[in-house]
>>> print(open('structure-v8.cif').read())   # mmCIF, C-alpha atoms
data_structure
#
loop_
_atom_site.label_atom_id
_atom_site.label_comp_id
_atom_site.auth_asym_id
_atom_site.auth_seq_id
_atom_site.Cartn_x
_atom_site.Cartn_y
_atom_site.Cartn_z
CA MET A 1 30.35 55.24 -8.20
CA LYS A 2 28.17 55.86 -11.21
CA SER A 3 31.01 54.80 -13.47
CA LEU A 4 31.34 51.52 -11.55
CA VAL A 5 27.63 50.83 -11.98
CA ASN A 6 27.46 51.88 -15.64
CA ASN A 7 30.65 50.14 -16.77
CA ILE A 8 30.88 47.05 -14.55
CA ILE A 9 27.86 46.22 -12.39
CA ALA A 10 25.02 46.78 -14.90
CA PRO A 11 26.82 45.12 -17.85
CA TYR A 12 27.64 42.14 -15.63
CA PHE A 13 24.00 41.71 -14.62
CA ASP A 14 22.89 42.12 -18.25
CA THR A 15 25.35 39.45 -19.40
CA GLU A 16 24.23 37.05 -16.68
CA LYS A 17 20.55 37.56 -17.54
CA ASP A 18 21.32 36.92 -21.20
CA MET A 19 23.30 33.74 -20.41
CA LEU A 20 20.48 32.45 -18.21
CA GLY A 21 17.82 33.30 -20.77
CA LEU A 22 16.11 35.77 -18.44
CA PRO A 23 14.20 38.82 -19.68
CA PRO A 24 15.96 42.22 -19.48
CA SER A 25 13.28 43.27 -16.97
CA GLN A 26 14.46 40.61 -14.49
CA GLU A 27 15.55 42.28 -11.25
CA ALA A 28 18.99 41.58 -9.79
CA ILE A 29 20.12 42.13 -6.21
CA TRP A 30 23.30 44.07 -5.57
CA GLN A 31 24.41 43.55 -2.00
CA ILE A 32 26.56 46.45 -0.78
CA ASP A 33 27.69 47.87 2.54
CA VAL A 34 26.28 50.97 4.19
CA TRP A 35 29.10 53.26 3.11
CA SER A 36 27.77 56.83 3.02
CA VAL A 37 27.98 57.05 -0.79
CA HIS A 38 25.98 53.83 -1.18
CA HIS A 39 23.03 54.77 0.98
CA SER A 40 22.84 58.45 0.07
CA GLN A 41 19.47 59.54 -1.26
CA GLN A 42 21.13 60.97 -4.37
CA PHE A 43 22.72 57.62 -5.29
CA ARG A 44 19.59 55.60 -4.52
CA MET A 45 17.44 57.91 -6.66
CA TRP A 46 19.97 57.75 -9.50
CA MET A 47 19.92 53.94 -9.33
CA LYS A 48 16.11 53.89 -9.48
CA GLU A 49 16.09 56.20 -12.47
CA PHE A 50 18.90 54.70 -14.57
CA HIS A 51 19.08 51.08 -13.33
CA PRO A 52 15.59 50.19 -12.09
CA THR A 53 16.21 46.44 -12.35
CA ILE A 54 19.13 46.56 -9.89
CA VAL A 55 17.77 46.25 -6.37
CA LEU A 56 20.08 47.57 -3.66
CA GLN A 57 20.37 45.43 -0.56
CA PHE A 58 22.44 46.89 2.27
CA VAL A 59 24.59 44.79 4.57
CA PRO A 60 23.84 45.88 8.15
CA GLY A 61 26.74 47.41 10.07
CA GLY A 62 28.88 44.80 11.80
CA CYS A 63 27.77 42.02 9.44
CA THR A 64 30.38 42.44 6.70
CA GLY A 65 32.24 39.30 7.75
CA ILE A 66 29.05 37.26 7.44
CA LEU A 67 27.48 38.72 4.30
CA GLN A 68 30.57 39.91 2.39
CA PRO A 69 33.21 37.25 2.97
CA CYS A 70 35.54 38.65 0.29
CA ASP A 71 35.95 41.81 2.37
CA VAL A 72 37.26 39.69 5.23
CA GLY A 73 38.86 36.73 3.49
CA ILE A 74 40.60 38.39 0.54
CA GLN A 75 40.62 42.18 0.78
CA ARG A 76 41.62 42.23 4.46
CA VAL A 77 44.60 39.98 3.76
CA PHE A 78 45.58 42.07 0.73
CA LYS A 79 45.37 45.34 2.68
CA HIS A 80 47.40 43.82 5.52
CA LEU A 81 50.12 42.76 3.07
CA LEU A 82 50.20 46.25 1.57
CA LYS A 83 50.65 47.80 5.02
CA ARG A 84 53.45 45.37 5.87
CA SER A 85 55.18 46.09 2.56
CA TYR A 86 54.86 49.85 3.09
CA HIS A 87 56.22 49.50 6.63
CA ALA A 88 59.19 47.45 5.36
CA ASP A 89 59.94 50.14 2.74
CA ILE A 90 59.93 52.88 5.37
CA VAL A 91 62.19 50.87 7.70
CA MET A 92 64.61 50.22 4.81
CA MET A 93 64.61 53.91 3.82
CA MET A 94 65.35 55.07 7.37
CA THR A 95 67.97 52.35 7.95
CA THR A 96 69.76 53.28 4.72
CA GLN A 97 69.84 56.94 5.70
CA MET A 98 71.20 56.09 9.16
CA GLU A 99 73.88 53.80 7.70
CA CYS A 100 74.95 56.61 5.34
CA GLY A 101 75.36 58.96 8.30
CA VAL A 102 72.45 61.26 7.51
CA GLU A 103 71.82 63.35 10.61
CA ASN A 104 68.41 64.77 9.70
CA LEU A 105 66.44 61.77 8.52
CA VAL A 106 63.98 62.50 5.73
CA PHE A 107 60.68 60.68 5.61
CA ASP A 108 59.42 61.09 2.05
CA LYS A 109 55.59 60.74 1.99
CA ARG A 110 55.12 61.76 -1.63
CA CYS A 111 53.44 59.30 -3.98
CA GLY A 112 55.00 58.78 -7.35
CA PHE A 113 53.02 58.94 -10.58
CA LEU A 114 52.31 55.77 -12.50
#
>>> encode(input="structure-v8.cif", output="structure tokens")
Amino acid sequence: MKSLVNNIIAPYFDTEKDMLGLPPSQEAIWQIDVWSVHHSQQFRMWMKEFHPTIVLQFVPGGCTGILQPCDVGIQRVFKHLLKRSYHADIVMMMTTQMECGVENLVFDKRCGFL
């Protein structure tokens, strides 16, 4: 999480402030969900110490669809497509084994290395 903030979130806010001609001390709101890592005291204290101009605003539970439309409109669709693709792969693997006469079907759950 710290890497995300240090390498993506904070530089993005700094670039936007610079483009808009705002002072580096200008606060920016980062709207995030109430995932346990996000609202932990340790993370919030770290944010205050190292990124005091980034103000955390938490999306209340059950409001993601209203306040974080990308989670619903883009990521949900993407995750659904991944699940369908994974399901199709498993069906194809099992069907192939059955067509080849394999009696003890093997369901390989290992993940390959990239």
>>> atom_distance(input="structure-v8.cif", atom1="atom CA of A:Thr96", atom2="atom CA of A:Arg110")
18.1 Å
>>> residues_around(input="structure-v8.cif", residues="stretch 19-34 of chain A", least_positions_apart="5", cutoff="6 Å", atoms="only C-alpha atoms", output="mmCIF file with C-alpha atoms, in the frame of the given file")
data_model
loop_
_atom_site.group_PDB
_atom_site.id
_atom_site.type_symbol
_atom_site.label_atom_id
_atom_site.label_comp_id
_atom_site.auth_asym_id
_atom_site.auth_seq_id
_atom_site.Cartn_x
_atom_site.Cartn_y
_atom_site.Cartn_z
ATOM 1 C CA HIS A 39 23.030 54.770 0.980
ATOM 2 C CA THR A 53 16.210 46.440 -12.350
ATOM 3 C CA ILE A 54 19.130 46.560 -9.890
ATOM 4 C CA VAL A 55 17.770 46.250 -6.370
ATOM 5 C CA LEU A 56 20.080 47.570 -3.660
ATOM 6 C CA GLN A 57 20.370 45.430 -0.560
ATOM 7 C CA PHE A 58 22.440 46.890 2.270
ATOM 8 C CA VAL A 59 24.590 44.790 4.570
#
>>> atom_distance(input="structure-v8.cif", atom1="atom CA of A:Arg76", atom2="atom CA of A:Lys109")
23.3 Å
>>> residues_around(input="structure-v8.cif", residues="A:Leu105", least_positions_apart="6", cutoff="12 Å", atoms="all atoms listed in the file", output="ChimeraX atom specification")
/A:90-91,93-99
>>> atom_distance(input="structure-v8.cif", atom1="atom CA of A:Ala10", atom2="atom CA of A:Ser40")
19.1 Å
>>> resolve_selection(input="structure-v8.cif", expression="the PyMOL selection byres ((chain A and resi 1) around 10)", output="PDB file with C-alpha atoms, in the coordinates of the input")
ATOM      1  CA  LYS A   2      28.170  55.860 -11.210  1.00  0.00           C
ATOM      2  CA  SER A   3      31.010  54.800 -13.470  1.00  0.00           C
ATOM      3  CA  LEU A   4      31.340  51.520 -11.550  1.00  0.00           C
ATOM      4  CA  VAL A   5      27.630  50.830 -11.980  1.00  0.00           C
ATOM      5  CA  ASN A   6      27.460  51.880 -15.640  1.00  0.00           C
ATOM      6  CA  ASN A   7      30.650  50.140 -16.770  1.00  0.00           C
ATOM      7  CA  VAL A  37      27.980  57.050  -0.790  1.00  0.00           C
ATOM      8  CA  HIS A  38      25.980  53.830  -1.180  1.00  0.00           C
ATOM      9  CA  PHE A  43      22.720  57.620  -5.290  1.00  0.00           C
TER      10      PHE A  43
END
